[in-house]
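Beneath this line is the structure, given in structure tokens, with notes to follow.
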Amino acid sequence: MAHRPILILLGALALSSPLVAAQDAGHAGHHTHGAAADGDRPAQSATVQWTRFPLLLPAMAGRGERNTARLRMVNLASAGVRVYAPDGPPQRREADFPVEAGRASIRPTTAATGNYHWLVARQEVGNAVNIASSAWYFSNPGTAPKLLLQQVKHELEIVPLRLPREHGSYRESEKWPFQVRYQGAPLAGQRVTLETEFGSRSTLTTDAQGQLLVLFPRDFPPPEAASRSRGQGESHGRRRAQFVLSTDKNDQDKHYLTAFNYHYTEEPGRRQSLAWGAVFGLIGMAAATPLLLRRSGGMRKET
């Protein structure tokens, strides 16, 4: 009986140590922006299970393709991707890139233009118009995308009112503003669906200015579980996942479905706080050990 408190403490230490190690080692996924960073993600199939809406996703980039981004289409069949630049000569601010076997290679519209570019892929079948849009950060210097976001690019649009800064990101538990427009005008009272690849789903409605605040859910699984489910090993950087915002509208004989997809990252400090919580718990157990030993000694004397 005298050794039971010590055995309990040792068992707790053994169980808690993997938790701390998992927090330190659980850097699965990627965090950096840009073509090279996104291109490092493994190529996947032409469909995903977490959404039925059209997506433009990163695909694996080949070697020797600096400043070139590889995309793959999901839930969409389009002949091309149109790229909009934030600046440059007027005749060079838009460029079309062909799609082959559901994939496209895109570049800045001019070699010297960097920063965010806007991407659009479009499919029309009968009276149905399906549109996928996204953003891509090229590392060259370039104009901030304020005017780019205001530019009308197609009929029904979901547009972020601002994009994360370089090396920044949308993050869990944060609210970011978006706007829905139709024919360039804000669309009030419009229902918008948010979906994430971790299974979160919510519906929001735009205000009188066509705007909505999107709260990114705190839905990242534990790092070790994410690594097992995705077959990923350990890597450095904050983990990230895909999300999509979608909405639709009927106008006369046309049905428009539009979607904007991008990635978001886990909440900063979440894993560190878990690790420190485990450490402080161990300290507390260690501090309680002398009391347990004295109590155990007292019980032996009474018996």
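Naming works like this for the structure tokens: A, B, ... for the chains as they're shown, residue 1 at the start of each chain, ligands 1 onward in shown order.
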**OP:** Find the residues near stretch 160-176 of chain A: any atom within 6 Å, counting only C-alpha atoms, skip ones fewer than 6 places away on the same chain, and give them as a list of chain:residue names.
**Re:** A:Thr32, A:His33, A:Leu213, A:Val214, A:Leu215, A:Phe216, A:Pro217, A:Arg218, A:Tyr264, A:Thr265, A:Glu266, A:Glu267
**OP:** Might you pull out every residue within 8 Å of A:Gln242, with only C-alpha atoms counted and same-chain residues fewer than 6 positions away left off, and present them as a list in words?
**Re:**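 Neighbouring residues, sequence-local ones excluded: Thr196, Glu197, Asn261, Tyr262, His263 and Tyr264 of chain A.
Among the candidates A:Gly80, A:Pro145, A:Pro268, A:Pro221, the one nearest to A:Gly199 when counting only C-alpha atoms is A:Pro221.
Among the candidates A:Lys153, A:Arg181, A:His255, A:Lys146, the one nearest to A:Ala208 when counting only C-alpha atoms is A:Arg181.
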Subject >> Spatial neighbours of A:Phe198, 9 Å, only C-alpha atoms, chain gap at least 4 places, as number ranges by chain >> reply: A: 50, 219-221, 241-243
Subject >> Backbone DSSP call of strand (DSSP E) for stretch 103-150 of chain A, listed as a ChimeraX atom specification >> reply: /A:103-106,115-125,128-138
Taking only C-alpha atoms into account, produce a table as a Markdown table in which each residue of stretch 56-90 of chain A with an atom at most 9 Å from an atom of stretch 126-135 of chain A appears once, together with its shortest atom pair and the distance in Å to one decimal, ordered by chain and rising number.
| residue | atom | partner | partner_atom | distance |
| --- | --- | --- | --- | --- |
| A:Leu56 | CA | A:Ala132 | CA | 6.3 |
| A:Leu57 | CA | A:Ser134 | CA | 8.4 |
| A:Met73 | CA | A:Ala132 | CA | 8.6 |
| A:Leu76 | CA | A:Asn130 | CA | 7.5 |
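With only C-alpha atoms as the atoms that count, the minimum distance from A:Pro54 to the choices A:Arg82, A:Arg239, A:Arg72, A:Arg201 is reached by A:Arg72.
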Subject >> Distance query A:Thr110 at most 9 Å, only C-alpha atoms, self and fewer than 4 positions along chain excluded, as a list in words >> reply: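 In the requested form, the answer reads Ala85, Gly88, Pro89, Arg92, Arg93 and Gly114 of chain A.
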Subject >> Residue contacts of A:Gln151 (10 Å, only C-alpha atoms) excluding same-chain residues fewer than 4 positions away, as an MDAnalysis selection string >> reply: chainID A and resid 84 86 145:147 159 184
Original post:
With only C-alpha atoms as the basis for distance, which of A:Thr247, A:Phe138, A:Val81, A:Arg122 is at the shortest distance from A:Val180?
Top reply: A:Thr247
